[in-house]
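> Structure file model_39.cif (mmCIF, C-alpha atoms) right here:
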data_query
loop_
_atom_site.label_atom_id
_atom_site.label_comp_id
_atom_site.auth_asym_id
_atom_site.auth_seq_id
_atom_site.Cartn_x
_atom_site.Cartn_y
_atom_site.Cartn_z
CA MET A 1257 -19.91 -0.14 -55.42
CA ASN A 1258 -18.42 1.90 -58.19
CA LEU A 1259 -14.94 3.33 -58.10
CA GLN A 1260 -15.95 6.84 -57.19
CA GLU A 1261 -17.97 5.62 -54.24
CA ILE A 1262 -15.07 3.59 -52.91
CA ARG A 1263 -12.75 6.56 -53.31
CA ARG A 1264 -15.13 8.67 -51.30
CA ARG A 1265 -15.38 6.05 -48.55
CA ILE A 1266 -11.60 5.77 -48.32
CA SER A 1267 -11.12 9.50 -47.90
CA SER A 1268 -13.90 9.66 -45.32
CA VAL A 1269 -12.34 6.89 -43.23
CA LYS A 1270 -8.96 8.60 -43.58
CA ASN A 1271 -10.42 11.79 -42.13
CA THR A 1272 -11.91 9.89 -39.22
CA GLN A 1273 -8.56 8.25 -38.64
CA LYS A 1274 -6.86 11.65 -38.51
CA ILE A 1275 -9.28 12.73 -35.79
CA THR A 1276 -8.93 9.58 -33.70
CA ARG A 1277 -5.15 9.76 -34.02
CA ALA A 1278 -5.15 13.39 -32.85
CA MET A 1279 -7.42 12.50 -29.94
CA LYS A 1280 -5.10 9.68 -29.00
CA MET A 1281 -2.13 12.05 -28.95
CA VAL A 1282 -4.01 14.60 -26.84
CA ALA A 1283 -5.14 11.89 -24.41
CA ALA A 1284 -1.58 10.56 -24.15
CA SER A 1285 -0.17 13.94 -23.21
CA LYS A 1286 -2.99 14.59 -20.73
CA LEU A 1287 -2.40 11.15 -19.28
CA ARG A 1288 1.27 11.96 -18.69
CA ARG A 1289 0.31 15.04 -16.69
CA ALA A 1290 -2.42 13.18 -14.81
CA GLN A 1291 0.04 10.42 -13.92
CA GLU A 1292 2.44 12.99 -12.47
CA ALA A 1293 -0.40 14.48 -10.44
CA ILE A 1294 -1.24 11.01 -9.11
CA ARG A 1295 2.37 10.40 -8.14
CA ARG A 1296 2.23 13.54 -6.00
CA THR A 1297 -1.28 13.12 -4.61
CA ARG A 1298 -1.19 9.45 -3.68
CA PRO A 1299 1.60 9.43 -1.08
CA TYR A 1300 0.12 12.49 0.63
CA ALA A 1301 -3.38 11.02 0.68
CA HIS A 1302 -1.99 7.68 1.84
CA ASN A 1303 -0.03 9.23 4.71
CA MET A 1304 -2.98 11.38 5.69
CA GLY A 1305 -5.30 8.36 5.66
CA ASP A 1306 -2.86 6.34 7.80
CA LEU A 1307 -2.52 9.08 10.38
CA THR A 1308 -6.29 9.58 10.49
CA THR A 1309 -6.76 5.85 11.00
CA ILE A 1310 -4.25 5.82 13.85
CA LEU A 1311 -6.09 8.59 15.66
CA ALA A 1312 -9.57 7.32 14.76
CA SER A 1313 -8.74 3.85 16.08
CA ARG A 1314 -7.66 5.30 19.44
CA ALA A 1315 -10.87 7.26 19.86
CA GLU A 1316 -14.29 6.07 20.97
CA PRO A 1317 -16.72 6.32 18.02
CA ASP A 1318 -18.93 8.71 19.97
CA LYS A 1319 -16.05 11.23 20.00
CA HIS A 1320 -16.96 12.54 16.57
CA PRO A 1321 -20.04 12.39 14.29
CA LEU A 1322 -17.89 11.27 11.33
CA LEU A 1323 -16.85 8.13 13.21
CA GLN A 1324 -20.34 6.67 13.62
CA PRO A 1325 -23.15 5.86 11.20
CA GLY A 1326 -25.46 8.77 10.46
CA SER A 1327 -29.02 8.76 11.74
CA GLY A 1328 -30.48 8.83 8.20
CA GLY A 1329 -31.89 5.79 6.42
CA ALA A 1330 -30.34 6.25 2.99
CA ALA A 1331 -26.90 5.39 1.71
CA GLY A 1332 -25.15 8.17 -0.16
CA LEU A 1333 -23.21 7.06 -3.22
CA VAL A 1334 -20.80 9.37 -5.00
CA VAL A 1335 -20.46 8.19 -8.61
CA VAL A 1336 -17.44 9.56 -10.47
CA THR A 1337 -17.80 9.57 -14.26
CA SER A 1338 -16.21 11.79 -16.92
CA ASP A 1339 -17.39 14.97 -18.60
CA ARG A 1340 -16.40 13.80 -22.08
CA GLY A 1341 -17.13 10.65 -24.00
CA LEU A 1342 -15.15 8.58 -26.50
CA CYS A 1343 -13.27 6.81 -23.76
CA GLY A 1344 -14.29 3.20 -24.29
CA GLY A 1345 -15.99 1.43 -21.42
CA PHE A 1346 -14.88 4.00 -18.85
CA ASN A 1347 -18.32 5.40 -18.05
CA GLY A 1348 -20.25 2.24 -18.94
CA ASN A 1349 -18.31 0.25 -16.36
CA ILE A 1350 -19.05 2.79 -13.64
CA ILE A 1351 -22.75 3.04 -14.53
CA ASN A 1352 -23.17 -0.75 -14.64
CA GLU A 1353 -21.37 -1.17 -11.34
CA THR A 1354 -23.54 1.54 -9.80
CA MET A 1355 -26.72 -0.23 -10.94
CA ARG A 1356 -25.37 -3.51 -9.57
CA ILE A 1357 -24.53 -1.88 -6.23
CA ILE A 1358 -28.01 -0.35 -5.99
CA HIS A 1359 -29.73 -3.65 -6.74
CA GLU A 1360 -27.43 -6.09 -4.96
CA GLU A 1361 -25.21 -4.53 -2.30
CA PHE A 1362 -27.80 -2.01 -1.13
CA ALA A 1363 -30.92 -3.99 -2.03
CA GLY A 1364 -33.74 -2.76 0.19
CA THR A 1365 -31.90 0.41 1.21
CA PRO A 1366 -32.70 3.68 -0.48
CA VAL A 1367 -29.62 4.94 -2.33
CA GLU A 1368 -29.10 8.62 -3.04
CA LEU A 1369 -26.76 9.27 -5.96
CA ILE A 1370 -24.34 12.17 -6.11
CA VAL A 1371 -23.07 12.18 -9.68
CA VAL A 1372 -19.81 13.76 -10.82
CA GLY A 1373 -19.33 14.19 -14.58
CA ARG A 1374 -21.71 15.03 -17.45
CA LYS A 1375 -21.68 11.49 -18.83
CA GLY A 1376 -23.01 10.03 -15.62
CA VAL A 1377 -25.65 12.73 -15.32
CA ASP A 1378 -26.88 11.92 -18.87
CA ALA A 1379 -26.73 8.16 -18.37
CA PHE A 1380 -28.85 8.19 -15.23
CA LYS A 1381 -31.33 10.52 -16.86
CA ARG A 1382 -31.70 8.04 -19.75
CA ARG A 1383 -32.27 5.22 -17.29
CA ASN A 1384 -34.75 7.25 -15.28
CA VAL A 1385 -32.69 6.92 -12.14
CA THR A 1386 -33.22 9.85 -9.80
CA VAL A 1387 -30.08 11.51 -8.54
CA CYS A 1388 -29.96 13.85 -5.59
CA ARG A 1389 -27.08 16.07 -6.71
CA THR A 1390 -25.03 16.44 -9.88
CA PHE A 1391 -21.63 17.97 -10.52
CA PRO A 1392 -21.27 18.35 -14.29
CA GLY A 1393 -18.14 20.00 -15.66
CA LEU A 1394 -16.10 19.46 -12.52
CA PHE A 1395 -13.06 18.36 -14.52
CA ASP A 1396 -13.07 21.45 -16.76
CA ARG A 1397 -11.30 23.52 -14.17
CA PHE A 1398 -9.91 20.89 -11.89
CA SER A 1399 -8.46 22.09 -8.59
CA VAL A 1400 -8.61 21.42 -4.88
CA SER A 1401 -11.89 23.32 -4.78
CA SER A 1402 -13.46 20.84 -7.23
CA ALA A 1403 -13.10 18.19 -4.56
CA SER A 1404 -14.31 20.60 -1.87
CA SER A 1405 -17.59 21.27 -3.66
CA VAL A 1406 -18.44 17.55 -3.62
CA VAL A 1407 -17.36 17.04 -0.01
CA ASP A 1408 -19.24 20.16 1.11
CA ASP A 1409 -22.37 18.59 -0.33
CA PHE A 1410 -22.34 15.12 1.20
CA VAL A 1411 -20.77 15.80 4.61
CA PRO A 1412 -23.60 18.12 5.75
CA ARG A 1413 -26.15 15.61 4.43
CA PHE A 1414 -24.43 12.93 6.48
CA THR A 1415 -24.20 14.94 9.69
CA SER A 1416 -27.72 16.35 9.34
CA GLY A 1417 -29.14 12.84 9.35
CA GLU A 1418 -29.96 12.33 5.69
CA PHE A 1419 -27.42 9.58 5.09
CA ARG A 1420 -26.45 6.60 7.18
CA GLU A 1421 -23.25 6.01 5.22
CA VAL A 1422 -21.46 7.53 2.25
CA TYR A 1423 -19.68 5.48 -0.39
CA CYS A 1424 -17.81 6.39 -3.54
CA VAL A 1425 -17.57 4.38 -6.74
CA TYR A 1426 -14.82 5.40 -9.18
CA ASN A 1427 -12.22 4.18 -11.62
CA GLU A 1428 -8.96 3.63 -9.81
CA PHE A 1429 -5.89 4.22 -11.95
CA LYS A 1430 -3.74 1.10 -12.12
CA THR A 1431 -1.49 1.49 -15.15
CA ALA A 1432 -1.82 3.25 -18.49
CA LEU A 1433 -3.34 -0.01 -19.72
CA SER A 1434 -5.75 -0.81 -16.94
CA GLN A 1435 -8.09 0.70 -14.42
CA ARG A 1436 -10.36 -0.86 -11.88
CA VAL A 1437 -13.79 0.11 -10.65
CA VAL A 1438 -13.66 0.35 -6.87
CA LEU A 1439 -16.23 0.97 -4.16
CA GLU A 1440 -14.88 2.80 -1.14
CA ARG A 1441 -16.59 3.81 2.08
CA LEU A 1442 -15.98 7.47 2.89
CA LEU A 1443 -18.23 7.86 5.94
CA PRO A 1444 -18.39 6.95 8.71
CA TYR A 1445 -14.62 6.94 8.72
CA PRO A 1446 -13.49 3.30 8.80
CA SER A 1447 -11.38 2.83 11.91
CA LEU A 1448 -9.54 -0.35 12.75
CA GLU A 1449 -11.79 -2.31 15.08
CA THR A 1450 -8.98 -4.45 16.44
CA ALA A 1451 -6.20 -2.81 18.35
CA GLU A 1452 -3.62 -5.57 17.94
CA THR A 1453 -0.73 -3.34 19.02
CA PRO A 1454 -0.62 -1.73 22.46
CA PRO A 1455 -1.54 1.95 22.25
CA VAL A 1456 1.46 4.21 21.76
CA ASP A 1457 1.95 6.92 24.35
CA TYR A 1458 1.76 9.99 22.10
CA ILE A 1459 2.43 13.63 22.79
CA PHE A 1460 -0.36 15.63 21.15
CA GLU A 1461 -0.13 19.28 20.25
CA PRO A 1462 -2.86 20.63 20.41
CA SER A 1463 -5.07 18.09 22.17
CA GLU A 1464 -5.80 14.64 20.79
CA ASP A 1465 -9.46 15.54 20.21
CA GLN A 1466 -8.62 18.70 18.29
CA LEU A 1467 -6.14 16.82 16.11
CA LEU A 1468 -8.64 14.04 15.46
CA PHE A 1469 -11.33 16.51 14.42
CA GLN A 1470 -8.98 18.37 12.15
CA LEU A 1471 -7.69 15.17 10.55
CA LEU A 1472 -11.10 13.59 10.06
CA VAL A 1473 -12.39 16.61 8.18
CA ASN A 1474 -9.25 17.38 6.16
CA ASN A 1475 -8.79 13.74 5.27
CA ILE A 1476 -12.14 13.56 3.46
CA TYR A 1477 -11.17 16.52 1.27
CA VAL A 1478 -7.81 14.96 0.51
CA GLN A 1479 -9.29 11.54 -0.29
CA MET A 1480 -11.89 13.11 -2.59
CA TYR A 1481 -9.14 15.09 -4.30
CA ARG A 1482 -7.21 11.87 -4.81
CA ILE A 1483 -10.30 10.03 -6.09
CA LEU A 1484 -10.94 12.74 -8.69
CA HIS A 1485 -7.30 12.50 -9.78
CA GLU A 1486 -7.54 8.70 -10.02
CA SER A 1487 -10.64 9.03 -12.17
CA ALA A 1488 -9.13 11.72 -14.42
CA ALA A 1489 -6.01 9.65 -15.06
CA SER A 1490 -8.13 6.54 -15.74
CA GLU A 1491 -10.28 8.54 -18.14
CA HIS A 1492 -7.30 9.72 -20.16
CA SER A 1493 -5.81 6.25 -20.30
CA ALA A 1494 -9.17 4.76 -21.35
CA ARG A 1495 -9.53 7.38 -24.07
CA MET A 1496 -5.98 6.85 -25.27
CA ARG A 1497 -6.55 3.12 -25.64
CA SER A 1498 -9.95 3.46 -27.21
CA MET A 1499 -8.69 6.04 -29.73
CA ASP A 1500 -5.67 3.87 -30.44
CA SER A 1501 -7.85 0.92 -31.34
CA ALA A 1502 -10.16 3.18 -33.35
CA THR A 1503 -7.14 4.43 -35.31
CA ARG A 1504 -5.98 0.88 -35.97
CA ASN A 1505 -9.49 -0.15 -36.91
CA ALA A 1506 -9.68 2.70 -39.40
CA GLY A 1507 -6.35 1.56 -40.83
CA GLU A 1508 -7.77 -1.91 -41.39
CA ILE A 1509 -10.86 -0.56 -43.12
CA ILE A 1510 -8.72 1.64 -45.34
CA GLY A 1511 -6.65 -1.43 -46.25
CA LYS A 1512 -9.70 -3.46 -47.15
CA LEU A 1513 -11.28 -0.64 -49.14
CA THR A 1514 -8.04 -0.01 -51.02
CA LEU A 1515 -7.89 -3.68 -51.94
CA THR A 1516 -11.48 -3.61 -53.22
CA TYR A 1517 -10.72 -0.41 -55.07
CA ASN A 1518 -7.70 -1.91 -56.83
CA LYS A 1519 -9.55 -5.11 -57.73
CA GLU A 1520 -12.45 -3.09 -59.06
CA ARG A 1521 -10.16 -0.86 -61.08
CA GLN A 1522 -8.29 -3.89 -62.50
CA ALA A 1523 -11.61 -5.51 -63.42
CA GLU A 1524 -12.67 -2.37 -65.21
CA ILE A 1525 -9.41 -2.16 -67.16
CA THR A 1526 -9.75 -5.84 -68.14
CA ARG A 1527 -13.30 -5.21 -69.21
CA GLU A 1528 -12.27 -2.28 -71.37
CA VAL A 1529 -9.38 -4.20 -72.95
CA THR A 1530 -11.71 -7.09 -73.73
CA GLU A 1531 -14.15 -4.69 -75.31
CA VAL A 1532 -11.46 -3.12 -77.46
CA ILE A 1533 -10.14 -6.52 -78.57
CA SER A 1534 -13.55 -7.93 -79.36
CA ALA A 1535 -14.38 -4.75 -81.26
CA ALA A 1536 -11.15 -5.04 -83.25
CA GLU A 1537 -11.88 -8.69 -84.01
CA ALA A 1538 -15.39 -7.88 -85.14
CA VAL A 1539 -14.05 -5.25 -87.51
CA GLY A 1540 -11.36 -7.85 -88.45
CA MET B 1211 27.68 11.97 18.12
CA PRO B 1212 25.74 8.66 18.11
CA GLY B 1213 23.42 8.86 21.07
CA PRO B 1214 21.63 6.06 22.92
CA TYR B 1215 18.68 6.34 20.53
CA GLY B 1216 20.56 6.10 17.24
CA ASP B 1217 21.98 9.04 15.42
CA SER B 1218 19.61 9.75 12.60
CA LEU B 1219 15.99 10.44 11.75
CA SER B 1220 14.20 9.45 8.57
CA LEU B 1221 12.49 12.62 7.45
CA GLU B 1222 9.68 12.43 4.92
CA ILE B 1223 8.09 15.63 3.69
CA SER B 1224 4.85 14.80 1.96
CA ALA B 1225 3.13 17.66 0.14
CA LEU B 1226 0.29 17.85 -2.34
CA ASP B 1227 2.35 19.79 -4.87
CA ARG B 1228 5.43 17.59 -5.12
CA GLU B 1229 6.71 14.06 -4.86
CA PRO B 1230 7.70 13.19 -1.29
CA VAL B 1231 11.14 14.25 -0.07
CA ARG B 1232 12.84 11.44 1.85
CA ILE B 1233 16.13 12.22 3.59
CA GLU B 1234 18.16 11.00 6.57
CA VAL B 1235 18.78 13.85 8.96
CA ALA B 1236 20.46 14.50 12.32
CA ASP B 1237 17.77 16.90 13.50
CA VAL B 1238 14.78 18.80 12.23
CA SER B 1239 13.22 22.07 13.44
CA LEU B 1240 9.54 22.63 12.79
CA PRO B 1241 7.24 25.66 12.97
CA GLY B 1242 4.71 24.22 15.41
CA THR B 1243 1.44 26.06 15.96
CA GLU B 1244 2.42 26.40 19.60
CA GLY B 1245 6.01 27.42 18.89
CA VAL B 1246 9.08 26.20 17.08
CA PHE B 1247 10.39 22.86 18.24
CA THR B 1248 13.26 20.58 17.31
CA VAL B 1249 13.10 16.83 16.90
CA LEU B 1250 16.25 14.80 17.65
CA PRO B 1251 16.76 11.04 17.39
CA GLY B 1252 14.97 9.26 20.22
CA HIS B 1253 12.13 11.80 20.36
CA ALA B 1254 8.94 10.58 22.00
CA PRO B 1255 6.03 9.66 19.68
CA MET B 1256 4.18 12.83 18.78
CA VAL B 1257 1.46 14.22 16.56
CA ALA B 1258 1.43 18.00 16.22
CA THR B 1259 0.12 20.69 13.95
CA ILE B 1260 2.51 23.02 12.19
CA THR B 1261 1.91 26.44 10.72
CA ILE B 1262 3.22 28.41 7.76
CA GLY B 1263 6.92 28.65 8.39
CA VAL B 1264 10.42 27.42 7.75
CA LEU B 1265 11.36 23.81 8.39
CA THR B 1266 15.09 23.32 8.87
CA ALA B 1267 16.84 19.96 8.74
CA THR B 1268 20.50 19.07 9.25
CA LEU B 1269 21.64 16.34 6.90
CA LEU B 1270 24.04 13.69 8.22
CA SER B 1271 26.79 15.47 6.28
CA GLY B 1272 26.19 18.57 8.41
CA ILE B 1273 24.63 20.56 5.57
CA ARG B 1274 21.47 22.38 6.57
CA HIS B 1275 18.45 22.62 4.33
CA SER B 1276 15.40 24.83 4.74
CA PHE B 1277 11.92 24.25 3.40
CA ALA B 1278 9.11 26.76 3.19
CA VAL B 1279 6.02 24.86 4.35
CA SER B 1280 2.41 25.98 4.36
CA GLY B 1281 1.21 24.38 7.54
CA GLY B 1282 -0.14 20.93 8.26
CA LEU B 1283 0.80 18.08 10.56
CA VAL B 1284 3.84 16.23 11.78
CA HIS B 1285 3.91 12.65 13.02
CA VAL B 1286 6.99 11.46 14.94
CA ILE B 1287 7.39 7.79 15.77
CA GLN B 1288 10.46 5.57 16.17
CA ASN B 1289 12.93 8.01 14.62
CA LYS B 1290 10.62 8.57 11.68
CA VAL B 1291 9.40 12.10 11.09
CA LEU B 1292 6.54 12.50 8.66
CA VAL B 1293 5.58 16.03 7.70
CA LEU B 1294 2.23 16.46 5.96
CA THR B 1295 1.83 19.89 4.40
CA GLN B 1296 -0.10 21.27 1.45
CA THR B 1297 2.98 22.81 -0.15
CA ALA B 1298 6.70 22.49 0.51
CA GLU B 1299 9.51 24.27 -1.28
CA MET B 1300 13.17 23.47 -0.77
CA ASP B 1301 15.56 26.42 -0.39
CA THR B 1302 17.51 25.53 -3.54
CA GLU B 1303 14.30 25.56 -5.58
CA ILE B 1304 13.22 29.04 -4.53
CA ASP B 1305 14.04 31.89 -6.89
CA LEU B 1306 14.81 34.85 -4.63
CA ASP B 1307 13.84 37.47 -7.23
CA ARG B 1308 10.50 35.82 -7.89
CA ALA B 1309 9.88 35.37 -4.16
CA GLU B 1310 10.64 39.06 -3.61
CA ALA B 1311 8.26 40.03 -6.42
CA ALA B 1312 5.59 37.80 -4.89
CA ARG B 1313 6.10 39.51 -1.54
CA GLN B 1314 5.64 42.96 -3.05
CA ARG B 1315 2.55 41.78 -4.91
CA ALA B 1316 1.14 40.32 -1.69
CA GLU B 1317 1.79 43.60 0.16
CA GLN B 1318 0.03 45.50 -2.60
CA GLU B 1319 -2.92 43.15 -2.40
CA LEU B 1320 -3.07 43.46 1.34
CA ASN B 1321 -3.26 47.26 1.01
CA ASN B 1322 -6.01 46.98 -1.56
CA ALA B 1323 -7.92 44.49 0.53
CA LYS B 1324 -7.96 46.69 3.66
CA GLY B 1325 -11.43 46.75 5.11
CA THR B 1326 -12.73 43.91 2.95
CA ALA B 1327 -13.22 40.22 3.61
CA ASP B 1328 -10.08 39.45 1.59
CA VAL B 1329 -7.75 40.73 4.30
CA ALA B 1330 -7.22 37.35 5.94
CA PHE B 1331 -6.53 35.81 2.54
CA ALA B 1332 -4.05 38.53 1.61
CA GLU B 1333 -2.31 38.23 4.98
CA VAL B 1334 -1.74 34.52 4.44
CA ALA B 1335 -0.36 35.19 0.96
CA LEU B 1336 2.04 37.78 2.38
CA LYS B 1337 3.11 35.50 5.20
CA ARG B 1338 3.87 32.71 2.76
CA ALA B 1339 5.86 35.06 0.53
CA ILE B 1340 7.96 36.22 3.49
CA ILE B 1341 8.51 32.62 4.60
CA ARG B 1342 9.77 31.63 1.16
CA ILE B 1343 12.34 34.42 1.24
CA ARG B 1344 13.45 33.41 4.74
CA ALA B 1345 13.73 29.76 3.71
CA ARG B 1346 15.82 30.75 0.70
CA ARG B 1347 18.17 32.75 2.91
CA GLY B 1348 18.47 29.81 5.25
CA GLU B 1349 17.12 31.70 8.21
CA SER B 1350 15.95 29.65 11.15
CA ALA B 1351 12.47 28.41 11.83
CA GLY B 1352 11.77 31.32 14.19
CA ALA B 1353 8.23 32.52 13.81
#
Translate the structure described by the file into structure tokens.


Amino acid sequence: MNLQEIRRRISSVKNTQKITRAMKMVAASKLRRAQEAIRRTRPYAHNMGDLTTILASRAEPDKHPLLQPGSGGAAGLVVVTSDRGLCGGFNGNIINETMRIIHEEFAGTPVELIVVGRKGVDAFKRRNVTVCRTFPGLFDRFSVSSASSVVDDFVPRFTSGEFREVYCVYNEFKTALSQRVVLERLLPYPSLETAETPPVDYIFEPSEDQLLFQLLVNNIYVQMYRILHESAASEHSARMRSMDSATRNAGEIIGKLTLTYNKERQAEITREVTEVISAAEAVG
Amino acid sequence: MPGPYGDSLSLEISALDREPVRIEVADVSLPGTEGVFTVLPGHAPMVATITIGVLTATLLSGIRHSFAVSGGLVHVIQNKVLVLTQTAEMDTEIDLDRAEAARQRAEQELNNAKGTADVAFAEVALKRAIIRIRARRGESAGA
């Protein structure tokens, strides 16, 4: 490599580093906001889930269609990926886990995929996996209605007898440094089979059935809303880390290239000096 | 004041738009869908729906606080009161001028929406705006 070439490489890597550093900063600030959203959403979703479980466990499963397996043969699987890339193994982990679930957990059962996020849509297309519904760009304008659009797709499919069960696979946000791929059953609503405590004598207003129906339905929306928040926060943290390591990597490359550049330059100077000296001697 | 059932309730207001509020209170009044009701220590276990309205709680110090809530559920068990609502605003957080402006805007929208499918939506917006003003003024839970 000559000096000019090395110079060009260094400036190109420096430009890349500027971009990765900017992306890291953006991801960090988005992560902060997403973390706040999680802090608000989680307790609500948790409380709602608990209350739903209390009521669901008191009821006979034939009280409500969402409490018993659907009449369909397929398992519905909601796969939550991201709309944007450059976030390390975030999407890869989800896709791999989905393939594993299809081939191991649900081996022999047809699985219908409902894919959230452009990256997942593209990945399954590349792998020639058929998906039954896609939700690209859901995170662009993220609101309660983003979750509703997904729920409004799979609940009717479940109640109309297309699905036997509905699961969701997503990245659960642990800390800014880690996330975990989890598989969660959404339908039929998991009630506690064992009633280890004697039933509490509740006052219900309106009736117990009405409350149960209302909770069962609302709870799915709330849990989906939480799941999308978990995934968004995980995505930002994955991107922040991946861009951080890319920035550091670029720094290392710049260091190495600078070293080569200096050595090369020194060698050239030495060569020139030697030439001058030998020329002077020859003239003598 | 301490009654046979203890003298305080643990109130938790859990809303989607804020971190949970957890306070010890002497009583709490809620805008139930079937009328306003008050929960005191020793209340029987209960699950009830609540509507858009003002939730009023008396702190152990005797100070009363109002919250504008947007409807949801309440779960009472063993002196614990859990309120699940989409949104909750505490009286001290509500800006009266902004709330008043929101009410006027909502009224305007309701007029514009007359005869269209948006009427129900506009009515809810107006109701919420009125409730926020009432919560700010510390008016009771009365529907």

> Can you pull out every residue within 9 Å of Leu1219 (chain B), counting only C-alpha atoms, but drop anything in the same chain fewer than 5 positions away, and send it as number ranges by chain?

B: 1233-1238, 1249-1252, 1288-1291

> Could you turn the residues from that selection into a file that holds C-alpha atoms, as a PDB file, in the coordinates of the input?


ATOM      1  CA  ILE B1233      16.130  12.220   3.590  1.00  0.00           C
ATOM      2  CA  GLU B1234      18.160  11.000   6.570  1.00  0.00           C
ATOM      3  CA  VAL B1235      18.780  13.850   8.960  1.00  0.00           C
ATOM      4  CA  ALA B1236      20.460  14.500  12.320  1.00  0.00           C
ATOM      5  CA  ASP B1237      17.770  16.900  13.500  1.00  0.00           C
ATOM      6  CA  VAL B1238      14.780  18.800  12.230  1.00  0.00           C
ATOM      7  CA  VAL B1249      13.100  16.830  16.900  1.00  0.00           C
ATOM      8  CA  LEU B1250      16.250  14.800  17.650  1.00  0.00           C
ATOM      9  CA  PRO B1251      16.760  11.040  17.390  1.00  0.00           C
ATOM     10  CA  GLY B1252      14.970   9.260  20.220  1.00  0.00           C
ATOM     11  CA  GLN B1288      10.460   5.570  16.170  1.00  0.00           C
ATOM     12  CA  ASN B1289      12.930   8.010  14.620  1.00  0.00           C
ATOM     13  CA  LYS B1290      10.620   8.570  11.680  1.00  0.00           C
ATOM     14  CA  VAL B1291       9.400  12.100  11.090  1.00  0.00           C
TER      15      VAL B1291
END

> Between B:Leu1336, B:Phe1247, B:Pro1255, B:His1275, which is the closest to Ala1311 (chain B) once you count all atoms listed in the file?

B:Leu1336

> Give one line per residue of region 1217-1300 of chain B that approaches region 1472-1481 of chain A to at most 12 Å, naming the two atoms of the closest pair and their distance in Å to one decimal, counting only C-alpha atoms; sort by chain then ascending residue number and deliver it as a tab-separated table.


residue	atom	partner	partner_atom	distance
B:Ala1225	CA	A:Val1478	CA	11.3
B:Leu1226	CA	A:Val1478	CA	9.1
B:Gly1282	CA	A:Asn1474	CA	10.0
B:Leu1283	CA	A:Asn1474	CA	11.0
B:Leu1294	CA	A:Asn1475	CA	11.4
B:Thr1295	CA	A:Asn1474	CA	11.5
B:Gln1296	CA	A:Val1478	CA	10.0

> Spell out the residues picked by the PyMOL selection byres ((chain A) within 12 of (chain B)) here, as JSON, numbers by chain.

{"A": [1291, 1292, 1293, 1294, 1295, 1296, 1297, 1298, 1299, 1300, 1301, 1302, 1303, 1304, 1305, 1306, 1307, 1308, 1310, 1311, 1399, 1400, 1455, 1456, 1457, 1458, 1459, 1460, 1461, 1462, 1463, 1464, 1465, 1466, 1467, 1468, 1470, 1471, 1474, 1475, 1478, 1479, 1481, 1482, 1485]}

> Limited to C-alpha atoms, could you put the picked residues into a file as a compact mmCIF listing (two decimals), keeping the file's coordinate frame?


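So the final result, stored in again_17.txt, reads:
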# COMPACT_ATOMS: atom_id res chain seq x y z
CA GLN A 1291 0.04 10.42 -13.92
CA GLU A 1292 2.44 12.99 -12.47
CA ALA A 1293 -0.40 14.48 -10.44
CA ILE A 1294 -1.24 11.01 -9.11
CA ARG A 1295 2.37 10.40 -8.14
CA ARG A 1296 2.23 13.54 -6.00
CA THR A 1297 -1.28 13.12 -4.61
CA ARG A 1298 -1.19 9.45 -3.68
CA PRO A 1299 1.60 9.43 -1.08
CA TYR A 1300 0.12 12.49 0.63
CA ALA A 1301 -3.38 11.02 0.68
CA HIS A 1302 -1.99 7.68 1.84
CA ASN A 1303 -0.03 9.23 4.71
CA MET A 1304 -2.98 11.38 5.69
CA GLY A 1305 -5.30 8.36 5.66
CA ASP A 1306 -2.86 6.34 7.80
CA LEU A 1307 -2.52 9.08 10.38
CA THR A 1308 -6.29 9.58 10.49
CA ILE A 1310 -4.25 5.82 13.85
CA LEU A 1311 -6.09 8.59 15.66
CA SER A 1399 -8.46 22.09 -8.59
CA VAL A 1400 -8.61 21.42 -4.88
CA PRO A 1455 -1.54 1.95 22.25
CA VAL A 1456 1.46 4.21 21.76
CA ASP A 1457 1.95 6.92 24.35
CA TYR A 1458 1.76 9.99 22.10
CA ILE A 1459 2.43 13.63 22.79
CA PHE A 1460 -0.36 15.63 21.15
CA GLU A 1461 -0.13 19.28 20.25
CA PRO A 1462 -2.86 20.63 20.41
CA SER A 1463 -5.07 18.09 22.17
CA GLU A 1464 -5.80 14.64 20.79
CA ASP A 1465 -9.46 15.54 20.21
CA GLN A 1466 -8.62 18.70 18.29
CA LEU A 1467 -6.14 16.82 16.11
CA LEU A 1468 -8.64 14.04 15.46
CA GLN A 1470 -8.98 18.37 12.15
CA LEU A 1471 -7.69 15.17 10.55
CA ASN A 1474 -9.25 17.38 6.16
CA ASN A 1475 -8.79 13.74 5.27
CA VAL A 1478 -7.81 14.96 0.51
CA GLN A 1479 -9.29 11.54 -0.29
CA TYR A 1481 -9.14 15.09 -4.30
CA ARG A 1482 -7.21 11.87 -4.81
CA HIS A 1485 -7.30 12.50 -9.78

> Running the PyMOL selection byres ((chain B and resi 1266-1269) around 10) on this model by hand, what would come out? Give it as a ChimeraX atom specification.

/B:1218-1219,1221,1233-1241,1248-1249,1263-1265,1270-1278,1300-1301,1345,1348-1351

> In Å, with one decimal, what is the gap from CA of Pro1366 (chain A) to CA of Arg1420 (chain A)?

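That distance, rounded to one decimal, is 10.3 Å.
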
> As a check of understanding, name the residues that the PyMOL selection byres ((chain A and resi 1319-1322) around 8) selects in the supplied structure, as a list of chain:residue names.

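Given this file, the PyMOL selection byres ((chain A and resi 1319-1322) around 8) evaluates to A:Ala1315, A:Glu1316, A:Pro1317, A:Asp1318, A:Leu1323, A:Gln1324, A:Pro1325, A:Gly1326, A:Thr1415, A:Leu1443, A:Pro1444, A:Tyr1445, A:Asp1465, A:Phe1469, A:Leu1472.
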
> With a distance cut-off of 8 Å and only C-alpha atoms, select the neighbouring residues of Tyr1423 (chain A), excluding the residue or stretch itself and same-chain residues fewer than 3 positions from it, and output the selection as JSON, numbers by chain.

{"A": [1331, 1332, 1333, 1334, 1439, 1440, 1441, 1442, 1443]}
